[in-house]
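Chemist: Below is the structure I would like to discuss, written out as structure tokens.
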Amino acid sequence: MDITFKSTKLRKIFESKRDLIRNYGEVRGKKLSRLISFLRAAPCLENVPPEKPFRRHELISNRKGQFSVEITGNYRLILEPCNEPLPVKEDGGLDLKKITRIKIIEVEDYHGD
């Protein structure tokens, strides 16, 4: 997939495994490095499995339109599709097979401690 980032600062962090580890810790940094490589190689969002170890799922409420991918524990990589226009199925849901561009929004523990 084609990947962009919410900010230049976030893009620079994700360009370096060392910066990922410095910003997110040893375990999460290494997992993020592998995850971003996997996402770049995936042809579309549907190829990111909803089962472990990724647990890709669409978010709800104030995060509607965003997706979460598990990193460790409660930490998630938050992303959003950015195909223009967004591909929609007949039932109104997003067509994950046609989502080939994503934007990385943040790494967050949105569940709290």
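Ordering of the structure tokens sets the chain letters (A, B, ...); residue numbers start at 1 within each chain; ligands are numbered from 1 in the order shown.
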Could you give me, as a ChimeraX atom specification, the residues within 6 Å of Arg56 (chain A), counting only C-alpha atoms and dropping anything in the same chain fewer than 5 positions from it?

Modeler: /A:49-50,68-69

Chemist: From a DSSP calculation on the backbone, collect every residue of region 1-56 of chain A in strand (DSSP E or B) and output the set as a PDB file with C-alpha atoms, in the first residue's frame.

Modeler:
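Wrote result_30.pdb, looks like this:
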ATOM      1  CA  ASP A   2       0.951   3.582  -0.443  1.00  0.00           C
ATOM      2  CA  ILE A   3       1.547   5.123   2.998  1.00  0.00           C
ATOM      3  CA  THR A   4       1.520   8.757   4.034  1.00  0.00           C
ATOM      4  CA  PHE A   5       1.745  10.256   7.507  1.00  0.00           C
TER       5      PHE A   5
END

Chemist: Residues near Pro87 (chain A), anyone? I mean within 7 Å using only C-alpha atoms, not counting same-chain ones fewer than 2 positions away, as a VMD selection string.

Modeler: chain A and resid 85 89 94 to 95 98 to 99

Chemist: Any idea what's packed within 10 Å of region 14-20 of chain A, counting only C-alpha atoms, ignoring anything in its chain fewer than 2 positions away? Could you give it as a tab-separated table (two decimals) with C-alpha atoms, in the first residue's frame?

Modeler:
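This went into result07.tsv:
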chain	number	residue	atom	x	y	z
A	5	PHE	CA	1.75	10.26	7.51
A	8	THR	CA	6.42	15.26	8.80
A	9	LYS	CA	7.62	14.50	12.33
A	10	LEU	CA	5.73	11.18	12.36
A	11	ARG	CA	7.04	10.28	8.88
A	12	LYS	CA	10.63	10.90	10.01
A	22	ARG	CA	13.67	5.73	20.75
A	23	ASN	CA	10.09	7.05	20.60
A	24	TYR	CA	8.07	3.90	21.35
A	25	GLY	CA	10.44	1.63	23.26
A	26	GLU	CA	12.34	-1.50	22.22
A	27	VAL	CA	9.42	-3.93	21.85
A	28	ARG	CA	6.88	-1.56	20.28
A	29	GLY	CA	9.53	0.07	18.07
A	30	LYS	CA	10.62	-3.26	16.59
A	31	LYS	CA	7.01	-4.35	16.06
A	32	LEU	CA	6.18	-1.03	14.40
A	33	SER	CA	9.14	-1.44	12.06
A	34	ARG	CA	7.91	-4.89	10.99
A	36	ILE	CA	5.14	-0.74	8.50
A	104	ILE	CA	-0.73	6.81	9.55

Chemist: I'd like to know which of A:Met1, A:Ser61, A:Ile13, A:Pro43 is closest to Arg101 (chain A), using only C-alpha atoms.

Modeler: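 Under the stated criterion, the closest residue is A:Met1.
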
Chemist: In Å, rounded to a single decimal, give me how far CA of Glu90 (chain A) is from CA of Gln66 (chain A).

Modeler: 19.9 Å

Chemist: With only C-alpha atoms as the atoms that count, which of A:Val88, A:Val48, A:Val107, A:Leu59 lies nearest to Tyr75 (chain A)?

Modeler: A:Val107

Chemist: Residues of chain A in helix (DSSP H, G or I) according to DSSP, as an mmCIF file with C-alpha atoms, in the first residue's frame?

Modeler:
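The result, written out as result_18.cif:
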data_model
loop_
_atom_site.group_PDB
_atom_site.id
_atom_site.type_symbol
_atom_site.label_atom_id
_atom_site.label_comp_id
_atom_site.auth_asym_id
_atom_site.auth_seq_id
_atom_site.Cartn_x
_atom_site.Cartn_y
_atom_site.Cartn_z
ATOM 1 C CA THR A 8 6.417 15.265 8.800
ATOM 2 C CA LYS A 9 7.624 14.499 12.328
ATOM 3 C CA LEU A 10 5.732 11.175 12.359
ATOM 4 C CA ARG A 11 7.043 10.284 8.883
ATOM 5 C CA LYS A 12 10.628 10.899 10.007
ATOM 6 C CA ILE A 13 10.157 8.686 13.071
ATOM 7 C CA PHE A 14 8.807 5.851 10.910
ATOM 8 C CA LYS A 17 14.008 1.821 13.131
ATOM 9 C CA ARG A 18 16.258 3.549 15.642
ATOM 10 C CA ASP A 19 13.828 6.485 15.935
ATOM 11 C CA LEU A 20 10.890 4.093 16.310
ATOM 12 C CA ILE A 21 12.664 2.389 19.226
ATOM 13 C CA ARG A 22 13.672 5.727 20.755
ATOM 14 C CA ASN A 23 10.085 7.049 20.601
ATOM 15 C CA TYR A 24 8.072 3.905 21.346
ATOM 16 C CA GLU A 26 12.338 -1.498 22.225
ATOM 17 C CA VAL A 27 9.423 -3.931 21.848
ATOM 18 C CA ARG A 28 6.884 -1.556 20.276
ATOM 19 C CA GLY A 29 9.527 0.069 18.069
ATOM 20 C CA LYS A 30 10.621 -3.260 16.586
ATOM 21 C CA LYS A 31 7.007 -4.355 16.060
ATOM 22 C CA LEU A 32 6.183 -1.026 14.398
ATOM 23 C CA SER A 33 9.137 -1.444 12.063
ATOM 24 C CA ARG A 34 7.907 -4.894 10.995
ATOM 25 C CA LEU A 35 4.311 -3.661 10.766
ATOM 26 C CA ILE A 36 5.136 -0.738 8.501
ATOM 27 C CA SER A 37 7.102 -3.087 6.217
ATOM 28 C CA PHE A 38 4.110 -5.437 6.122
ATOM 29 C CA LEU A 39 1.706 -2.577 5.324
ATOM 30 C CA ARG A 40 3.920 -1.315 2.496
ATOM 31 C CA ALA A 41 4.007 -4.809 0.978
ATOM 32 C CA LEU A 45 -6.226 -2.959 3.481
ATOM 33 C CA GLU A 46 -8.128 -6.233 3.223
ATOM 34 C CA ASN A 47 -4.760 -8.027 3.306
ATOM 35 C CA SER A 61 -17.720 6.928 17.570
ATOM 36 C CA ASN A 62 -15.337 9.899 17.363
ATOM 37 C CA ARG A 63 -12.847 7.711 15.434
ATOM 38 C CA LEU A 96 -11.243 -2.854 1.808
ATOM 39 C CA LYS A 97 -10.101 -4.633 -1.371
ATOM 40 C CA LYS A 98 -9.870 -1.251 -3.088
#

Chemist: Rounded to one decimal in Å, what is the spacing between CA of Glu106 (chain A) and CA of Arg55 (chain A)?

Modeler: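 Those two atoms sit 16.4 Å apart.
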